[in-house]
$ cat final39.cif   # mmCIF, C-alpha atoms
data_protein
#
loop_
_atom_site.label_atom_id
_atom_site.label_comp_id
_atom_site.auth_asym_id
_atom_site.auth_seq_id
_atom_site.Cartn_x
_atom_site.Cartn_y
_atom_site.Cartn_z
CA MET R 1 0.00 0.00 0.00
CA LYS R 2 1.38 3.41 -1.01
CA GLN R 3 2.57 5.53 1.89
CA PRO R 4 1.24 9.11 2.23
CA LEU R 5 3.35 11.97 0.93
CA ILE R 6 3.62 13.44 4.41
CA THR R 7 2.89 12.08 7.86
CA GLN R 8 2.25 14.52 10.66
CA SER R 9 1.81 13.40 14.26
CA ASN R 10 -0.23 16.51 15.05
CA GLU R 11 -1.37 19.80 13.54
CA LEU R 12 1.34 21.74 15.34
CA ALA R 13 3.92 20.18 13.01
CA MET R 14 2.57 22.54 10.36
CA ALA R 15 3.07 26.30 10.60
CA GLY R 16 0.47 29.00 10.36
CA VAL R 17 1.16 32.11 8.30
CA THR R 18 0.12 35.61 9.36
CA ILE R 19 0.51 38.61 7.06
CA SER R 20 -0.04 42.02 8.63
CA ASN R 21 -0.35 45.37 6.81
CA LEU R 22 1.90 44.26 3.96
CA SER R 23 2.65 46.70 1.16
CA LYS R 24 4.92 46.44 -1.87
CA SER R 25 5.68 48.89 -4.67
CA TYR R 26 7.81 48.81 -7.81
CA GLY R 27 8.69 52.44 -8.35
CA ASP R 28 5.38 54.33 -8.51
CA ASN R 29 3.39 51.13 -9.04
CA LEU R 30 1.72 50.03 -5.77
CA VAL R 31 1.30 46.27 -6.18
CA LEU R 32 0.22 45.32 -2.64
CA ASP R 33 -1.64 47.82 -0.49
CA ASP R 34 -1.95 47.06 3.24
CA ILE R 35 -2.64 43.32 2.91
CA SER R 36 -3.52 41.37 6.06
CA MET R 37 -4.55 37.70 6.20
CA THR R 38 -4.18 34.65 8.42
CA VAL R 39 -3.63 31.05 7.34
CA LYS R 40 -4.21 28.55 10.13
CA PRO R 41 -1.79 25.62 10.59
CA GLY R 42 -2.85 22.66 8.46
CA SER R 43 -5.32 24.68 6.37
CA VAL R 44 -5.49 25.59 2.68
CA THR R 45 -6.04 29.18 1.54
CA ALA R 46 -6.77 29.80 -2.13
CA LEU R 47 -5.96 33.18 -3.69
CA ILE R 48 -7.99 34.12 -6.75
CA GLY R 49 -8.49 37.29 -8.75
CA PRO R 50 -7.64 38.91 -12.08
CA SER R 51 -4.11 39.00 -13.46
CA GLY R 52 -2.08 41.85 -12.03
CA SER R 53 -3.94 41.87 -8.72
CA GLY R 54 -0.79 41.10 -6.70
CA LYS R 55 -1.33 37.42 -5.90
CA SER R 56 2.06 36.15 -7.07
CA THR R 57 3.87 39.11 -5.53
CA LEU R 58 2.20 38.32 -2.21
CA LEU R 59 3.54 34.76 -2.30
CA ARG R 60 7.01 35.96 -3.21
CA CYS R 61 6.96 38.38 -0.27
CA VAL R 62 5.96 35.59 2.13
CA ASN R 63 9.03 33.63 1.02
CA LEU R 64 11.13 36.84 0.88
CA LEU R 65 11.93 36.33 -2.78
CA GLU R 66 10.66 39.91 -2.89
CA GLN R 67 11.28 42.36 -0.07
CA PRO R 68 8.07 44.05 1.11
CA ASP R 69 8.14 47.77 1.85
CA ARG R 70 5.96 47.68 4.94
CA GLY R 71 4.30 45.17 7.25
CA THR R 72 5.19 41.89 8.93
CA ILE R 73 5.17 38.23 7.97
CA THR R 74 4.96 35.54 10.64
CA VAL R 75 5.53 31.85 9.86
CA GLY R 76 5.11 29.69 12.94
CA THR R 77 6.91 31.64 15.64
CA GLN R 78 9.27 33.53 13.33
CA THR R 79 8.37 37.12 12.43
CA ILE R 80 10.02 39.16 9.68
CA THR R 81 9.50 42.94 9.65
CA ALA R 82 9.70 44.80 6.35
CA GLY R 83 12.52 47.31 6.16
CA ALA R 84 14.59 45.61 8.83
CA LYS R 85 17.78 43.87 7.76
CA VAL R 86 17.16 40.12 7.79
CA PRO R 87 20.23 38.12 8.89
CA ASP R 88 21.13 35.30 6.52
CA ARG R 89 20.42 32.72 9.21
CA ASP R 90 16.85 34.05 9.67
CA LEU R 91 16.26 34.14 5.92
CA LEU R 92 17.45 30.55 5.61
CA ALA R 93 15.31 29.51 8.58
CA LEU R 94 12.23 31.04 6.96
CA ARG R 95 12.85 29.34 3.63
CA ARG R 96 13.38 26.03 5.39
CA GLN R 97 9.87 26.37 6.76
CA VAL R 98 8.14 27.62 3.62
CA GLY R 99 8.42 25.69 0.35
CA MET R 100 7.60 27.25 -3.02
CA VAL R 101 6.23 25.67 -6.18
CA PHE R 102 6.34 27.91 -9.25
CA GLN R 103 4.19 28.12 -12.35
CA SER R 104 7.22 27.44 -14.58
CA PHE R 105 8.63 24.51 -12.53
CA ASN R 106 12.11 26.12 -12.07
CA LEU R 107 13.93 22.79 -12.24
CA PHE R 108 17.66 22.72 -12.96
CA PRO R 109 17.91 21.70 -16.65
CA HIS R 110 21.50 20.42 -16.35
CA MET R 111 20.67 18.00 -13.50
CA ASN R 112 18.70 14.79 -13.68
CA VAL R 113 15.48 14.50 -11.68
CA LEU R 114 17.16 12.74 -8.76
CA ARG R 115 19.79 15.46 -8.38
CA ASN R 116 17.14 18.18 -8.75
CA ILE R 117 15.52 16.86 -5.59
CA ALA R 118 18.63 15.78 -3.69
CA PHE R 119 20.87 18.79 -4.26
CA PRO R 120 18.68 21.32 -2.37
CA GLN R 121 18.49 18.93 0.58
CA GLU R 122 22.27 18.73 0.72
CA GLN R 123 22.62 22.52 0.54
CA VAL R 124 19.79 23.57 2.86
CA LEU R 125 19.49 20.68 5.33
CA GLY R 126 23.06 19.39 5.25
CA ARG R 127 22.02 15.88 4.33
CA SER R 128 24.56 13.54 2.80
CA LYS R 129 24.22 12.73 -0.90
CA GLU R 130 23.13 9.18 -0.03
CA GLU R 131 20.49 10.33 2.47
CA ALA R 132 19.16 13.05 0.16
CA GLU R 133 18.87 10.73 -2.83
CA ALA R 134 17.17 8.06 -0.75
CA ARG R 135 14.59 10.61 0.39
CA ALA R 136 14.13 11.77 -3.21
CA LEU R 137 13.49 8.24 -4.46
CA VAL R 138 10.89 7.57 -1.76
CA LEU R 139 8.95 10.71 -2.69
CA LEU R 140 9.26 10.12 -6.42
CA ASP R 141 7.83 6.65 -5.90
CA ARG R 142 4.87 8.12 -4.02
CA VAL R 143 3.95 10.35 -6.98
CA GLY R 144 4.53 7.58 -9.51
CA LEU R 145 7.72 9.00 -11.01
CA LYS R 146 10.51 6.85 -9.61
CA ASP R 147 11.26 5.62 -13.14
CA LYS R 148 12.11 9.22 -14.14
CA ALA R 149 14.87 9.60 -11.52
CA LEU R 150 17.80 9.47 -13.95
CA GLN R 151 16.16 11.47 -16.73
CA HIS R 152 16.61 15.20 -17.22
CA PRO R 153 13.56 17.49 -16.82
CA SER R 154 13.41 18.15 -20.57
CA LYS R 155 12.55 14.46 -21.07
CA CYS R 156 9.54 14.75 -18.75
CA SER R 157 6.09 16.12 -19.53
CA GLY R 158 4.89 19.38 -18.01
CA GLY R 159 2.72 17.55 -15.50
CA GLN R 160 5.61 15.31 -14.52
CA GLN R 161 7.92 18.31 -14.10
CA GLN R 162 5.42 20.03 -11.83
CA ARG R 163 5.04 16.90 -9.68
CA ILE R 164 8.84 16.74 -9.48
CA ALA R 165 8.87 20.39 -8.35
CA ILE R 166 6.35 19.55 -5.61
CA VAL R 167 8.51 16.61 -4.51
CA ARG R 168 11.55 18.90 -4.42
CA ALA R 169 9.69 21.24 -2.06
CA LEU R 170 8.44 18.36 0.12
CA ALA R 171 11.91 16.84 0.41
CA LEU R 172 12.98 19.88 2.46
CA ASN R 173 10.35 19.06 5.12
CA PRO R 174 8.57 22.42 4.94
CA ARG R 175 5.93 23.46 7.45
CA ALA R 176 3.98 25.28 4.73
CA ILE R 177 4.03 25.35 0.92
CA LEU R 178 3.21 28.21 -1.45
CA PHE R 179 1.86 27.30 -4.90
CA ASP R 180 1.94 29.98 -7.62
CA GLU R 181 -0.58 28.92 -10.30
CA PRO R 182 0.91 25.40 -10.48
CA THR R 183 -1.41 24.22 -13.28
CA SER R 184 -1.71 27.34 -15.45
CA ALA R 185 1.08 26.26 -17.83
CA LEU R 186 -0.37 22.77 -18.23
CA ASP R 187 -3.05 21.24 -20.43
CA PRO R 188 -6.22 20.56 -18.40
CA GLU R 189 -5.81 16.78 -18.52
CA VAL R 190 -2.22 17.02 -17.31
CA GLY R 191 -3.15 19.53 -14.63
CA VAL R 192 -5.42 16.93 -13.05
CA GLU R 193 -2.33 14.89 -12.06
CA VAL R 194 -0.83 17.87 -10.25
CA LEU R 195 -4.10 18.78 -8.53
CA ALA R 196 -4.39 15.18 -7.30
CA VAL R 197 -1.03 15.52 -5.51
CA MET R 198 -2.12 18.84 -4.02
CA ARG R 199 -5.38 17.32 -2.82
CA GLU R 200 -3.43 14.58 -1.10
CA LEU R 201 -1.24 17.14 0.64
CA ALA R 202 -4.31 19.06 1.78
CA GLN R 203 -5.91 15.90 3.16
CA ALA R 204 -2.68 15.12 5.04
CA GLY R 205 -2.78 18.53 6.73
CA MET R 206 -0.13 20.52 4.89
CA THR R 207 -0.47 24.28 5.33
CA MET R 208 -0.88 25.67 1.81
CA ILE R 209 -1.42 29.03 0.12
CA VAL R 210 -2.43 28.45 -3.49
CA VAL R 211 -2.73 31.06 -6.23
CA THR R 212 -5.08 29.40 -8.71
CA HIS R 213 -7.66 29.80 -11.45
CA GLU R 214 -8.97 26.28 -10.72
CA MET R 215 -12.33 27.19 -9.20
CA GLN R 216 -13.28 23.58 -8.45
CA PHE R 217 -10.07 23.12 -6.46
CA ALA R 218 -10.70 26.40 -4.64
CA ARG R 219 -14.22 25.32 -3.75
CA ASP R 220 -13.60 21.66 -2.87
CA VAL R 221 -10.14 21.70 -1.29
CA SER R 222 -9.46 25.12 0.23
CA ASP R 223 -10.66 26.04 3.70
CA HIS R 224 -10.52 29.78 3.06
CA LEU R 225 -10.86 31.80 -0.11
CA VAL R 226 -9.24 35.22 -0.64
CA VAL R 227 -10.20 37.36 -3.63
CA MET R 228 -7.67 40.02 -4.69
CA ALA R 229 -7.90 42.90 -7.16
CA ASP R 230 -5.66 45.92 -7.73
CA GLY R 231 -3.40 45.08 -4.80
CA HIS R 232 -6.24 44.74 -2.28
CA ILE R 233 -8.17 41.91 -0.66
CA ILE R 234 -11.72 42.67 -1.78
CA GLU R 235 -13.50 39.63 -0.34
CA GLU R 236 -12.64 36.58 1.74
CA GLY R 237 -14.34 33.79 3.58
CA ASP R 238 -15.92 30.39 2.99
CA PRO R 239 -15.08 29.20 -0.55
CA THR R 240 -18.47 27.66 -1.27
CA ARG R 241 -20.31 30.79 -0.14
CA ILE R 242 -18.14 33.23 -2.10
CA LEU R 243 -18.19 31.19 -5.31
CA ALA R 244 -21.97 30.72 -5.12
CA ASP R 245 -22.90 34.18 -3.88
CA PRO R 246 -20.11 36.76 -4.15
CA GLN R 247 -20.89 40.05 -2.43
CA GLU R 248 -18.50 42.36 -4.26
CA GLU R 249 -19.16 43.51 -7.82
CA ARG R 250 -15.48 43.06 -8.73
CA THR R 251 -15.63 39.41 -7.53
CA LYS R 252 -18.78 38.81 -9.58
CA ARG R 253 -17.12 40.15 -12.76
CA PHE R 254 -14.04 38.04 -12.24
CA LEU R 255 -15.98 34.82 -11.59
CA ASN R 256 -18.24 35.43 -14.58
CA ALA R 257 -15.17 35.89 -16.79
CA VAL R 258 -13.56 32.69 -15.49
CA LEU R 259 -16.70 30.59 -15.84
CA GLU R 260 -17.42 31.85 -19.37
CA ARG R 261 -14.01 30.78 -20.75
#
$ encode --input "final39.cif" --output "structure tokens"
Amino acid sequence: MKQPLITQSNELAMAGVTISNLSKSYGDNLVLDDISMTVKPGSVTALIGPSGSGKSTLLRCVNLLEQPDRGTITVGTQTITAGAKVPDRDLLALRRQVGMVFQSFNLFPHMNVLRNIAFPQEQVLGRSKEEAEARALVLLDRVGLKDKALQHPSKCSGGQQQRIAIVRALALNPRAILFDEPTSALDPEVGVEVLAVMRELAQAGMTMIVVTHEMQFARDVSDHLVVMADGHIIEEGDPTRILADPQEERTKRFLNAVLER
């Protein structure tokens, strides 16, 4: 019988994420304007909204791939304040806790699949090559891709590459994972494979923030739905309620556009 992707003895093994009064600008362009939201440990929050609303930038600020201008980000018990110099050890500690899965996979093209998953473990967690590769093979087996271990990413389909990217994030034992439109670059049939892995992670209690245009996933899997537009949170709450009866006109226009495609 296939083992689960993650096993958690209790909910506290996962980290909550709290974002308070976060703002981010690029020059005169205000991309995030005073964003505050809370993601409970072991829960799934889906971020939806039109392109350019700031969803991806928000994720990148949580992982400090982008430096916010104002506000605080708390992951578990670690708080980062915008504008304050973040020591390298604190930045590394944050990124150990928060995994990231990108829209474009971001796999190393010159490494085979096994090394793509093992190398970050060796660098970030200090695992030996043998230990890291053993962990990689276990996780690849659990997503049905162990036979791809010695191939390079270019020899794998888009859906396979995205599952490999998820495995790479999981191999670092994160307490939360950020997903930035993980299926938007994939054909719908292929995207189903990726969504199945994400559903399994959600059922196992992984804390997740997911930027997505997959409304069925947002409704059926997420615990909390956040709608963004023009750098603001315009509506949030129960996914089923918002998708069936949005209160804000901007939310209604966005959902109508998505459903009419």
$ closest_residue --input "final39.cif" --among "R:Glu130, R:Asp223, R:Asp141, R:Asp230" --to "Leu32 (chain R)" --atoms "all atoms listed in the file"
R:Asp230
$ resolve_selection --input "final39.cif" --expression "the PyMOL selection byres ((chain R and resi 209-215) around 6)" --output "PyMOL selection string"
chain R and resi 44-48+178-181+208+216-218
$ resolve_selection --input "final39.cif" --expression "the PyMOL selection byres ((chain R and resi 50) around 8)" --output "list in words"
Ile48, Gly49, Ser51, Gly52, Ser53, Met228, Ala229 and Phe254 of chain R
$ residues_around --input "final39.cif" --residues "Pro68 (chain R)" --least-positions-apart "2" --cutoff "12 Å" --atoms "all atoms listed in the file" --output "PDB file with C-alpha atoms, in the coordinates of the input"
ATOM      1  CA  ILE R  19       0.510  38.610   7.060  1.00  0.00           C
ATOM      2  CA  SER R  20      -0.040  42.020   8.630  1.00  0.00           C
ATOM      3  CA  ASN R  21      -0.350  45.370   6.810  1.00  0.00           C
ATOM      4  CA  LEU R  22       1.900  44.260   3.960  1.00  0.00           C
ATOM      5  CA  SER R  23       2.650  46.700   1.160  1.00  0.00           C
ATOM      6  CA  LYS R  24       4.920  46.440  -1.870  1.00  0.00           C
ATOM      7  CA  SER R  25       5.680  48.890  -4.670  1.00  0.00           C
ATOM      8  CA  TYR R  26       7.810  48.810  -7.810  1.00  0.00           C
ATOM      9  CA  LEU R  30       1.720  50.030  -5.770  1.00  0.00           C
ATOM     10  CA  VAL R  31       1.300  46.270  -6.180  1.00  0.00           C
ATOM     11  CA  LEU R  32       0.220  45.320  -2.640  1.00  0.00           C
ATOM     12  CA  ASP R  33      -1.640  47.820  -0.490  1.00  0.00           C
ATOM     13  CA  ASP R  34      -1.950  47.060   3.240  1.00  0.00           C
ATOM     14  CA  ILE R  35      -2.640  43.320   2.910  1.00  0.00           C
ATOM     15  CA  THR R  57       3.870  39.110  -5.530  1.00  0.00           C
ATOM     16  CA  LEU R  58       2.200  38.320  -2.210  1.00  0.00           C
ATOM     17  CA  LEU R  59       3.540  34.760  -2.300  1.00  0.00           C
ATOM     18  CA  ARG R  60       7.010  35.960  -3.210  1.00  0.00           C
ATOM     19  CA  CYS R  61       6.960  38.380  -0.270  1.00  0.00           C
ATOM     20  CA  VAL R  62       5.960  35.590   2.130  1.00  0.00           C
ATOM     21  CA  ASN R  63       9.030  33.630   1.020  1.00  0.00           C
ATOM     22  CA  LEU R  64      11.130  36.840   0.880  1.00  0.00           C
ATOM     23  CA  LEU R  65      11.930  36.330  -2.780  1.00  0.00           C
ATOM     24  CA  GLU R  66      10.660  39.910  -2.890  1.00  0.00           C
ATOM     25  CA  ARG R  70       5.960  47.680   4.940  1.00  0.00           C
ATOM     26  CA  GLY R  71       4.300  45.170   7.250  1.00  0.00           C
ATOM     27  CA  THR R  72       5.190  41.890   8.930  1.00  0.00           C
ATOM     28  CA  ILE R  73       5.170  38.230   7.970  1.00  0.00           C
ATOM     29  CA  ILE R  80      10.020  39.160   9.680  1.00  0.00           C
ATOM     30  CA  THR R  81       9.500  42.940   9.650  1.00  0.00           C
ATOM     31  CA  ALA R  82       9.700  44.800   6.350  1.00  0.00           C
ATOM     32  CA  GLY R  83      12.520  47.310   6.160  1.00  0.00           C
ATOM     33  CA  ALA R  84      14.590  45.610   8.830  1.00  0.00           C
ATOM     34  CA  LYS R  85      17.780  43.870   7.760  1.00  0.00           C
ATOM     35  CA  VAL R  86      17.160  40.120   7.790  1.00  0.00           C
TER      36      VAL R  86
END
$ residues_around --input "final39.cif" --residues "Thr77 (chain R)" --least-positions-apart "6" --cutoff "10 Å" --atoms "all atoms listed in the file" --output "list in words"
Ala15, Gly16 and Val17 of chain R
$ closest_residue --input "final39.cif" --among "R:Asn112, R:Gln103, R:Thr240, R:Gln97" --to "Ala169 (chain R)" --atoms "all atoms listed in the file"
R:Gln97
$ build_atoms --input "final39.cif" --residues "region 156-167 of chain R" --atoms "all heavy atoms" --output "PDB file, in the coordinates of the input"
ATOM      1  N   CYS R 156      10.773  14.985 -19.494  1.00  0.00           N
ATOM      2  CA  CYS R 156       9.540  14.750 -18.750  1.00  0.00           C
ATOM      3  C   CYS R 156       8.448  15.700 -19.244  1.00  0.00           C
ATOM      4  O   CYS R 156       8.735  16.803 -19.704  1.00  0.00           O
ATOM      5  CB  CYS R 156       9.762  14.973 -17.248  1.00  0.00           C
ATOM      6  SG  CYS R 156      11.034  13.913 -16.511  1.00  0.00           S
ATOM      7  N   SER R 157       7.205  15.269 -19.137  1.00  0.00           N
ATOM      8  CA  SER R 157       6.090  16.120 -19.530  1.00  0.00           C
ATOM      9  C   SER R 157       5.936  17.267 -18.527  1.00  0.00           C
ATOM     10  O   SER R 157       6.514  17.255 -17.434  1.00  0.00           O
ATOM     11  CB  SER R 157       4.791  15.312 -19.575  1.00  0.00           C
ATOM     12  OG  SER R 157       4.401  14.949 -18.253  1.00  0.00           O
ATOM     13  N   GLY R 158       5.124  18.259 -18.915  1.00  0.00           N
ATOM     14  CA  GLY R 158       4.890  19.380 -18.010  1.00  0.00           C
ATOM     15  C   GLY R 158       4.298  18.947 -16.683  1.00  0.00           C
ATOM     16  O   GLY R 158       4.707  19.420 -15.623  1.00  0.00           O
ATOM     17  N   GLY R 159       3.327  18.038 -16.736  1.00  0.00           N
ATOM     18  CA  GLY R 159       2.720  17.550 -15.500  1.00  0.00           C
ATOM     19  C   GLY R 159       3.715  16.800 -14.632  1.00  0.00           C
ATOM     20  O   GLY R 159       3.705  16.922 -13.394  1.00  0.00           O
ATOM     21  N   GLN R 160       4.583  16.031 -15.271  1.00  0.00           N
ATOM     22  CA  GLN R 160       5.610  15.310 -14.520  1.00  0.00           C
ATOM     23  C   GLN R 160       6.603  16.286 -13.894  1.00  0.00           C
ATOM     24  O   GLN R 160       6.989  16.126 -12.730  1.00  0.00           O
ATOM     25  CB  GLN R 160       6.333  14.337 -15.447  1.00  0.00           C
ATOM     26  CG  GLN R 160       5.479  13.144 -15.861  1.00  0.00           C
ATOM     27  CD  GLN R 160       6.098  12.337 -16.980  1.00  0.00           C
ATOM     28  OE1 GLN R 160       7.018  12.792 -17.688  1.00  0.00           O
ATOM     29  NE2 GLN R 160       5.614  11.128 -17.175  1.00  0.00           N
ATOM     30  N   GLN R 161       6.984  17.324 -14.644  1.00  0.00           N
ATOM     31  CA  GLN R 161       7.920  18.310 -14.100  1.00  0.00           C
ATOM     32  C   GLN R 161       7.322  19.038 -12.897  1.00  0.00           C
ATOM     33  O   GLN R 161       8.025  19.303 -11.920  1.00  0.00           O
ATOM     34  CB  GLN R 161       8.302  19.324 -15.183  1.00  0.00           C
ATOM     35  CG  GLN R 161       9.200  18.748 -16.266  1.00  0.00           C
ATOM     36  CD  GLN R 161       9.690  19.820 -17.222  1.00  0.00           C
ATOM     37  OE1 GLN R 161      10.352  20.766 -16.818  1.00  0.00           O
ATOM     38  NE2 GLN R 161       9.351  19.671 -18.497  1.00  0.00           N
ATOM     39  N   GLN R 162       6.029  19.334 -12.961  1.00  0.00           N
ATOM     40  CA  GLN R 162       5.420  20.030 -11.830  1.00  0.00           C
ATOM     41  C   GLN R 162       5.321  19.120 -10.607  1.00  0.00           C
ATOM     42  O   GLN R 162       5.533  19.571  -9.472  1.00  0.00           O
ATOM     43  CB  GLN R 162       4.038  20.578 -12.209  1.00  0.00           C
ATOM     44  CG  GLN R 162       3.475  21.599 -11.228  1.00  0.00           C
ATOM     45  CD  GLN R 162       4.353  22.827 -11.080  1.00  0.00           C
ATOM     46  OE1 GLN R 162       5.437  22.765 -10.489  1.00  0.00           O
ATOM     47  NE2 GLN R 162       3.889  23.955 -11.597  1.00  0.00           N
ATOM     48  N   ARG R 163       5.043  17.841 -10.820  1.00  0.00           N
ATOM     49  CA  ARG R 163       5.040  16.900  -9.680  1.00  0.00           C
ATOM     50  C   ARG R 163       6.441  16.761  -9.098  1.00  0.00           C
ATOM     51  O   ARG R 163       6.608  16.636  -7.880  1.00  0.00           O
ATOM     52  CB  ARG R 163       4.491  15.550 -10.119  1.00  0.00           C
ATOM     53  CG  ARG R 163       2.968  15.520 -10.207  1.00  0.00           C
ATOM     54  CD  ARG R 163       2.443  14.146 -10.545  1.00  0.00           C
ATOM     55  NE  ARG R 163       2.636  13.819 -11.946  1.00  0.00           N
ATOM     56  CZ  ARG R 163       2.578  12.583 -12.446  1.00  0.00           C
ATOM     57  NH1 ARG R 163       2.374  11.556 -11.642  1.00  0.00           N
ATOM     58  NH2 ARG R 163       2.733  12.374 -13.735  1.00  0.00           N
ATOM     59  N   ILE R 164       7.452  16.788  -9.959  1.00  0.00           N
ATOM     60  CA  ILE R 164       8.840  16.740  -9.480  1.00  0.00           C
ATOM     61  C   ILE R 164       9.145  17.994  -8.651  1.00  0.00           C
ATOM     62  O   ILE R 164       9.800  17.915  -7.608  1.00  0.00           O
ATOM     63  CB  ILE R 164       9.807  16.610 -10.674  1.00  0.00           C
ATOM     64  CG1 ILE R 164       9.650  15.239 -11.330  1.00  0.00           C
ATOM     65  CG2 ILE R 164      11.258  16.827 -10.233  1.00  0.00           C
ATOM     66  CD1 ILE R 164      10.231  15.157 -12.740  1.00  0.00           C
ATOM     67  N   ALA R 165       8.652  19.153  -9.100  1.00  0.00           N
ATOM     68  CA  ALA R 165       8.870  20.390  -8.350  1.00  0.00           C
ATOM     69  C   ALA R 165       8.202  20.325  -6.979  1.00  0.00           C
ATOM     70  O   ALA R 165       8.751  20.820  -5.985  1.00  0.00           O
ATOM     71  CB  ALA R 165       8.330  21.578  -9.150  1.00  0.00           C
ATOM     72  N   ILE R 166       7.020  19.705  -6.906  1.00  0.00           N
ATOM     73  CA  ILE R 166       6.350  19.550  -5.610  1.00  0.00           C
ATOM     74  C   ILE R 166       7.159  18.618  -4.714  1.00  0.00           C
ATOM     75  O   ILE R 166       7.348  18.891  -3.520  1.00  0.00           O
ATOM     76  CB  ILE R 166       4.919  19.005  -5.814  1.00  0.00           C
ATOM     77  CG1 ILE R 166       4.053  20.056  -6.536  1.00  0.00           C
ATOM     78  CG2 ILE R 166       4.290  18.636  -4.467  1.00  0.00           C
ATOM     79  CD1 ILE R 166       2.674  19.550  -6.931  1.00  0.00           C
ATOM     80  N   VAL R 167       7.667  17.534  -5.282  1.00  0.00           N
ATOM     81  CA  VAL R 167       8.510  16.610  -4.510  1.00  0.00           C
ATOM     82  C   VAL R 167       9.752  17.323  -4.005  1.00  0.00           C
ATOM     83  O   VAL R 167      10.175  17.122  -2.854  1.00  0.00           O
ATOM     84  CB  VAL R 167       8.877  15.381  -5.380  1.00  0.00           C
ATOM     85  CG1 VAL R 167      10.044  14.615  -4.765  1.00  0.00           C
ATOM     86  CG2 VAL R 167       7.669  14.468  -5.534  1.00  0.00           C
TER      87      VAL R 167
END
